[in-house]
Amino acid sequence: MGCMLRSDPMSLFDMYVQPEAAFETMCYLGNLGCCQFLDMNPDVQPFQKNYVSEMCRCAEMERKLTFIESEILKDNIHITHLKTDPKPLQPNEMVTYENMLEKWENDIVEMATNEANLMKNYIEMSEMYYVLEHIGPMLGDTELRRESILFKKVTTSSGGDIGLGGQLMIITGVVRRKICFNLEMMLWRISRGNIYYKQATYDKIFRQPNSIKEIRKVAFLAICQGEELKRRMEKICNGFRVNLYPCPKTYEERTDMLNKLGTRLLDIKQVLKKTAFHRCKTLRTIARQIRPLTVQVKKAKAIYHNLNFFNMDITKKCLIGQCWIADRDATQVHEGLETCSQMVGTNVYSFMSKRDTDAVPPTFHRTNRFTKGFQALINAYGDSTYRELNPGLYTIITFPFLFSLMFGDICHGIILVVFGLWMIFNEKKFIAQRSTNEIWNIFFGGRYVIMLMGVFSMYAGFIYNDWFSRAIILMDPYWINNLSLEQIAASSTIQLDPKDETGPVYMFGIDPIWTLAKNKIMIENSIKMKLSIIIGIVHMMFGIFLSLFNYTYFKRKYAIYLQFIPEILFLVCLFLWLVIMIYFKWFTYSGKSRDLLTSAGCAPQILILFIDMVLLSTTKPVEEDCEAYMFKSQQTVQKILLVIALLCVPVMLFGQPIYLYTFNKRKRRDTVRDSDKQSDQGIVAQANNYHVNFGELMIHQGVHTIEYVLSTISHTASYLRLWALSLAHAQLSEMLWSMIFVKLALSDHTIIGSVKVFIIFAIWAVFTVSILVVMEGLSAFLHTLRLHWVEFMSKFYSGGGWVFQPFSFKGILVGEEDKINAVCKKRQKYLQE
């Protein structure tokens, strides 16, 4: 399980590494993954650091690899998965790999350029062939001469020529199908109707240059009169991104060009096939090597990045760095430094020494597959402060338990258990697949949480006696049935009265006879509401007691007397007293009691008693012959408890600010006295650290006190969601059973009814899983999460730490796999669309 109670003890170490052994040492530490290095050169510009040239070379290789990967994935070529963990790219191998990547990149760029040019020519010729093939028959054997019937030259007496008409101009091309009508209308308007426009009968799909996207286009023919009108129409076509192609004037020329284009297209098609085959062959060869090489380059880049955190000593013979290491791993790291020094054969071994520091260490919780999901729930709220109690340990039990109180149904719990166990048994397969679906990853990451929520829901279902909203008779009911079968069938419900004849007490859970009772809702409300209050107060008291262990561990004894004791007394005197009254009422008053004062009719209302206690009012009896209080001197006891609770408020408000101000003032005075004797500037600076403004202390403590007093009331009421969601879940389950399965299927006793059972059961099962299990389960999960984050953890958990992020190659491997898988899936989805 690792250290779940508190975070691992961390220490700051100075690490001294020989430059010739630096790369091997960092390679070992990266595989170990337990050192978080600190930047020793925060004020130094990046280009001035020791290993900036190696970083730039690795970044350039990474850029080339990224480009090559994009080209491989563009052709939907499978990239070979990693079978082994490759070592980082060694310094003496960088030149070789740089030359190899340079060659790969140049070859791919050259092939891509040639293919793009060929594809562009092929598409243009295909569009031109399509235009001639469909527009040519429209023109027939017409010869487009410069002089036509509408354009003849006439020689005047002065020797000049005049035109009797305008020249016919022909525009042909292809336009996107969805905008062809808009183009036709625009040409019609710009020519004022003096145009002949005709489109091909059939459109055709063409691929866009430098893209795999395909667009549907249609050929068109436009005939106008005059050069000026033709120029206007060409501008309109350019605005619509129309590809225009010239049309030969004679029929013979059009036929000859069509034949030549057909032959040329066949030639280019063959060349494209050979080019694509050569490109595919080259990329497949690269795809078998690119993933290990990418990991090698990323590892080398990470090594040089962390080496830039080191300082070079004056003699330039030693690298000096600082890192946080868990105390459990310090010995392993020290042995690794010696091993790496022996492998390289340095004269002086690398070593590290522990450093005393006042800096707050990072927080590191060791988790496994089981505890990781529960710890993730806590980390979503905030990272633990160093060495404070970790709520993740207690969440393993409290989270599924509180969830089950809102989701209590044996059969619904079985569904969750089966789903959780299915993910657990197949976790190796799912981990290897590395899905990029966020919703699935959330469910899979919490597989053990889901399994435990299902187990606890089964337990709560036994207590509630709820099996798909039906009750199971495990033993004889408490009430003895004196009604006939006809009477029960006529009314379908019965009124349960404590005065009725009864048998042995139903020992486990709720009596199944309550399923037929008219007053079922009233009894269930009373029980679940009181249980919610009891569990909520116990849960909050547990959180306050955990703060006691934090105060003890951090040696804040003043907080025990000025914070913990007033808080727990305030909660006990008010709300634990409420719990005591609930239990006292359960054990004192009974519907079978023959004594009027202890009968159910004389039982006082606990809520009224509690309100009168807070308002210092006298409670009136329920009936004239009844007692107002449960026992003698109850009013006096309640007044004493209220006074104690009220006295705790000023202690919480003024206790810590006064103590801290007095303590800091005394420490500052003693430090200044020492500085006068020694004349030490460091002691003077230390004395200034003890100067604390009393107003700031009062504001901080005032906010905390007001928040605690008010939140104690609101948090207690917040636990009523356990009752509300449990009741809603049970009622919705019963409604689905009665309205869908019973009314539509089981009520039909004919032959058709036997067939309807299968169909209605399928519908009921879908609604049960989708609504009751998924939606209701998600709702209960979110409410349980809120009860932990707000009501429970606010009593002892600050969550003001910073997470331990060690230098590790594991994150690089996982990130690389996830990135490539995500790109591949996006690519496949795009191709399918």
# chains A, B, ... in the order shown; residues from 1 in each chain; ligands from 1
call {"tool": "residues_around", "arguments": {"residues": "Cys602 (chain A)", "least_positions_apart": "5", "cutoff": "12 Å", "atoms": "only C-alpha atoms", "output": "list of chain:residue names"}}
result
A:Lys585, A:Thr588, A:Tyr589, A:Ser590, A:Gly591, A:Ser593, A:Arg594, A:Asp595, A:Leu596, A:Leu597, A:Lys620, A:Pro621, A:Val622, A:Glu623, A:Glu624, A:Asp625, A:Cys626, A:Glu627, A:Ala628, A:Tyr629, A:Met630
call {"tool": "residues_around", "arguments": {"residues": "Asn664 (chain A)", "least_positions_apart": "3", "cutoff": "8 Å", "atoms": "only C-alpha atoms", "output": "list in words"}}
result
Leu660, Tyr661, Lys667, Arg668, Tyr690, His691 and Val692 of chain A
call {"tool": "atom_distance", "arguments": {"atom1": "CA of Glu54 (chain A)", "atom2": "CA of Gln322 (chain A)"}}
result
21.4 Å
call {"tool": "closest_atom_pairs", "arguments": {"of": "region 621-737 of chain A", "to": "region 769-791 of chain A", "cutoff": "8 Å", "atoms": "only C-alpha atoms", "output": "JSON lines"}}
result
{"residue": "A:His715", "atom": "CA", "partner": "A:Glu791", "partner_atom": "CA", "distance": 5.6}
{"residue": "A:Ser718", "atom": "CA", "partner": "A:Leu787", "partner_atom": "CA", "distance": 7.8}
{"residue": "A:Tyr719", "atom": "CA", "partner": "A:Leu787", "partner_atom": "CA", "distance": 7.4}
{"residue": "A:Arg721", "atom": "CA", "partner": "A:His783", "partner_atom": "CA", "distance": 7.7}
{"residue": "A:Leu725", "atom": "CA", "partner": "A:Ala780", "partner_atom": "CA", "distance": 7.2}
{"residue": "A:His729", "atom": "CA", "partner": "A:Glu776", "partner_atom": "CA", "distance": 7.1}
{"residue": "A:Leu732", "atom": "CA", "partner": "A:Leu772", "partner_atom": "CA", "distance": 7.7}
{"residue": "A:Ser733", "atom": "CA", "partner": "A:Leu772", "partner_atom": "CA", "distance": 6.9}
call {"tool": "residues_around", "arguments": {"residues": "region 527-529 of chain A", "least_positions_apart": "3", "cutoff": "9 Å", "atoms": "only C-alpha atoms", "output": "PDB file with C-alpha atoms, in the first residue's frame"}}
result
ATOM      1  CA  LEU A 405     -26.417   4.810   2.067  1.00  0.00           C
ATOM      2  CA  MET A 522     -43.383   7.665   7.109  1.00  0.00           C
ATOM      3  CA  ILE A 523     -41.393   4.963   8.894  1.00  0.00           C
ATOM      4  CA  GLU A 524     -38.596   4.880   6.295  1.00  0.00           C
ATOM      5  CA  SER A 532     -28.245  10.441   8.349  1.00  0.00           C
ATOM      6  CA  ILE A 533     -27.906  12.845  11.285  1.00  0.00           C
ATOM      7  CA  ILE A 534     -26.142  10.236  13.435  1.00  0.00           C
ATOM      8  CA  LEU A 720     -29.571  14.842   5.187  1.00  0.00           C
ATOM      9  CA  ARG A 721     -28.751  14.225   1.532  1.00  0.00           C
ATOM     10  CA  LEU A 722     -28.062  10.635   2.614  1.00  0.00           C
ATOM     11  CA  TRP A 723     -31.729  10.334   3.519  1.00  0.00           C
ATOM     12  CA  ALA A 724     -33.080  12.328   0.565  1.00  0.00           C
ATOM     13  CA  SER A 726     -31.809   7.094  -0.567  1.00  0.00           C
ATOM     14  CA  LEU A 727     -35.538   7.793  -0.519  1.00  0.00           C
TER      15      LEU A 727
END
call {"tool": "select_by_dssp", "arguments": {"residues": "region 200-318 of chain A", "states": "helix (DSSP H, G or I)", "output": "PyMOL selection string"}}
result
chain A and resi 227-239+251-307
call {"tool": "closest_residue", "arguments": {"among": "A:Val418, A:Leu337, A:Met257, A:Ile135", "to": "Phe220 (chain A)", "atoms": "only C-alpha atoms"}}
result
A:Ile135
call {"tool": "residues_around", "arguments": {"residues": "Glu20 (chain A)", "least_positions_apart": "3", "cutoff": "12 Å", "atoms": "only C-alpha atoms", "output": "PyMOL selection string"}}
result
chain A and resi 17+23-26+91+316-319+340-350
call {"tool": "atom_distance", "arguments": {"atom1": "CA of Gln167 (chain A)", "atom2": "CA of Met125 (chain A)"}}
result
28.3 Å
call {"tool": "closest_residue", "arguments": {"among": "A:Lys49, A:Leu65, A:Val131, A:Leu615", "to": "Glu98 (chain A)", "atoms": "only C-alpha atoms"}}
result
A:Leu65
